[in-house]
Amino acid sequence: MKKTPKRIRWWRVGVWALGGLALGLIARHIGIAIFVGLVFAFARLIGELSRPKPTPDATTPPLSTQMALHYQESGLDDSEVTLFRETMDDVAAQIQSFEDITNRVPQLKRIALNTDIVAVLHAYFKAIVENPKQMGAAGHFIYEQLPNLVRIAKKYEAISHHEVKTEDTYAVLTTAANTTADLANAIRDDYAHFVETDIDDLEADINLAKKQLPESTTTLDRRVDLSGMKEKEHV
């Protein structure tokens with residue numbers, strides 16, 4: 001996994017600037033409002049610059065000859081291969097993180113077993129790797145569902161370790177557990193939809209192949225005689 005450069009979230013700087021501007025308008029003086037807005041924007045910018053850079057603990061492994069051929073046959077150029085591998089490397093790390101958390105937290109482990117989500121995550125990952133050109137179709141899973149699943153699991157684990165729990169704490173944990181289950185089911189549905197494309201493609205290939213077969217072959221009907229367990233051919 002390559003080291004990700006720090007990115008300034010300019011939208012946050014803008015939000016802070018607008019907040020400062022609105023606060024300054026209370027004084028009903030445009031000069032003060034602009035000044036306060038600039039101060040707020042500068043403060044947020046300093047905060048963005050002081051954010052620690054991501055420090056992944058692993059690097060993307062070298063590309064094997066077999067996978068290089070697979071990506072080439074899939075129609076990916078070098079830049080697309082790099083982006084795809086880095087993206088899927090992040091996906092793999094998130095899946096591993098979620099699996100590790102479920103193994104540490106009994107409540108989440110039960111949800112994982114009931115929804116079979118860990119197996120679904122691995123199957124989804126494999127399906128995307130097998131169809132790299134269709135990564136865009138899995139964008140909702142890659143950029144929203146999976147990160148949210150991991151984020152909620154991490155917060156659930158942290159809160160579950162609180163020594164003193166109130167009714168509000170248990171209410172939040174219950175909501176988080178239900179949301180985790182809902183996300184797991186949503187990911188399962190998205191996975192089914194993603195692989196359905198492969199089924200449609202296979203059916204299209206079969207129909208095309210049938211049209212290209214000689215007429216004598218296409219009219220051949222093979223049936224199974226269950227009584228005698230003997231295959232019969234009808235032309």
# chains A, B, ... in the order shown; residues from 1 in each chain; ligands from 1
>>> residues_around(residues="Ser160 of chain A", least_positions_apart="6", cutoff="12 Å", atoms="only C-alpha atoms", output="list in words")
Ile101, Arg104, Val105, Pro106, Gln107, Leu108, Ile152, Ala153, Lys154, Thr166, Thr169, Tyr170, Ala171, Val172, Leu173, Thr174, Ala176 and Ala177 of chain A
>>> closest_atom_pairs(of="segment 137-204 of chain A", to="segment 111-120 of chain A", cutoff="8 Å", atoms="only C-alpha atoms", output="Markdown table")
| residue | atom | partner | partner_atom | distance |
| --- | --- | --- | --- | --- |
| A:Ala177 | CA | A:Ile111 | CA | 7.7 |
| A:Thr180 | CA | A:Ile111 | CA | 7.7 |
| A:Ala181 | CA | A:Ile111 | CA | 6.2 |
| A:Ala184 | CA | A:Ile117 | CA | 5.7 |
| A:Asn185 | CA | A:Thr115 | CA | 6.8 |
| A:Ile187 | CA | A:Val120 | CA | 7.8 |
| A:Arg188 | CA | A:Val120 | CA | 6.3 |
| A:Tyr191 | CA | A:Val120 | CA | 7.5 |
>>> write_last_selection(atoms="C-alpha atoms", output="CSV table (one decimal), in the first residue's frame")
chain,number,residue,atom,x,y,z
A,177,ALA,CA,-25.3,-3.2,15.8
A,180,THR,CA,-24.0,-3.0,10.9
A,181,ALA,CA,-26.5,-5.8,10.1
A,184,ALA,CA,-24.0,-6.3,5.8
A,185,ASN,CA,-27.3,-7.1,4.0
A,187,ILE,CA,-23.5,-5.3,0.7
A,188,ARG,CA,-24.8,-8.8,0.1
A,191,TYR,CA,-22.6,-8.2,-4.5
>>> atom_distance(atom1="atom CA of Phe125 of chain A", atom2="atom CA of Lys155 of chain A")
23.8 Å
>>> residues_around(residues="segment 129-134 of chain A", least_positions_apart="4", cutoff="8 Å", atoms="only C-alpha atoms", output="VMD selection string")
chain A and resid 71 74 to 76 84 88 125 138
>>> write_last_selection(atoms="C-alpha atoms", output="PDB file, in the first residue's frame")
ATOM      1  CA  TYR A  71      -5.055  -6.796 -16.405  1.00  0.00           C
ATOM      2  CA  SER A  74      -9.020  -6.847 -19.303  1.00  0.00           C
ATOM      3  CA  GLY A  75      -7.998  -3.746 -21.249  1.00  0.00           C
ATOM      4  CA  LEU A  76      -6.321  -1.756 -18.460  1.00  0.00           C
ATOM      5  CA  PHE A  84      -6.860  -0.379  -9.474  1.00  0.00           C
ATOM      6  CA  MET A  88      -8.070  -2.873  -4.054  1.00  0.00           C
ATOM      7  CA  PHE A 125     -13.222  -8.532  -3.521  1.00  0.00           C
ATOM      8  CA  ALA A 138     -18.738  -1.486  -7.256  1.00  0.00           C
TER       9      ALA A 138
END
>>> atom_distance(atom1="atom CA of Asp182 of chain A", atom2="atom CA of Ser97 of chain A")
18.9 Å
>>> atom_distance(atom1="atom CA of His122 of chain A", atom2="atom CA of Leu146 of chain A")
11.7 Å
>>> residues_around(residues="Gln94 of chain A", least_positions_apart="6", cutoff="10 Å", atoms="only C-alpha atoms", output="MDAnalysis selection string")
chainID A and resid 88 100 121 142 146:147 149:151
>>> write_last_selection(atoms="N, CA and C atoms", output="PDB file, in the first residue's frame")
ATOM      1  N   MET A  88      -7.724  -1.564  -4.585  1.00  0.00           N
ATOM      2  CA  MET A  88      -8.070  -2.873  -4.054  1.00  0.00           C
ATOM      3  C   MET A  88      -7.186  -3.248  -2.868  1.00  0.00           C
ATOM      4  N   ASP A 100     -10.868  -8.620  11.740  1.00  0.00           N
ATOM      5  CA  ASP A 100     -10.145  -8.640  13.017  1.00  0.00           C
ATOM      6  C   ASP A 100     -11.029  -8.121  14.150  1.00  0.00           C
ATOM      7  N   LEU A 121     -17.687 -10.317   1.795  1.00  0.00           N
ATOM      8  CA  LEU A 121     -16.658  -9.315   1.524  1.00  0.00           C
ATOM      9  C   LEU A 121     -15.522  -9.914   0.700  1.00  0.00           C
ATOM     10  N   ILE A 142     -17.092   0.128  -2.533  1.00  0.00           N
ATOM     11  CA  ILE A 142     -15.698   0.472  -2.244  1.00  0.00           C
ATOM     12  C   ILE A 142     -15.570   1.766  -1.450  1.00  0.00           C
ATOM     13  N   LEU A 146     -18.282  -0.183   2.501  1.00  0.00           N
ATOM     14  CA  LEU A 146     -17.199  -0.819   3.247  1.00  0.00           C
ATOM     15  C   LEU A 146     -16.553   0.132   4.255  1.00  0.00           C
ATOM     16  N   PRO A 147     -16.197   1.364   3.867  1.00  0.00           N
ATOM     17  CA  PRO A 147     -15.635   2.290   4.859  1.00  0.00           C
ATOM     18  C   PRO A 147     -16.581   2.554   6.028  1.00  0.00           C
ATOM     19  N   LEU A 149     -18.882   0.494   7.142  1.00  0.00           N
ATOM     20  CA  LEU A 149     -18.939  -0.734   7.926  1.00  0.00           C
ATOM     21  C   LEU A 149     -17.766  -0.806   8.893  1.00  0.00           C
ATOM     22  N   VAL A 150     -16.568  -0.506   8.399  1.00  0.00           N
ATOM     23  CA  VAL A 150     -15.370  -0.552   9.238  1.00  0.00           C
ATOM     24  C   VAL A 150     -15.404   0.548  10.288  1.00  0.00           C
ATOM     25  N   ARG A 151     -15.847   1.748   9.890  1.00  0.00           N
ATOM     26  CA  ARG A 151     -15.892   2.877  10.821  1.00  0.00           C
ATOM     27  C   ARG A 151     -16.835   2.582  11.991  1.00  0.00           C
TER      28      ARG A 151
END
>>> closest_residue(among="A:Val195, A:Met67, A:Ile128, A:Leu183", to="Asn148 of chain A", atoms="only C-alpha atoms")
A:Leu183
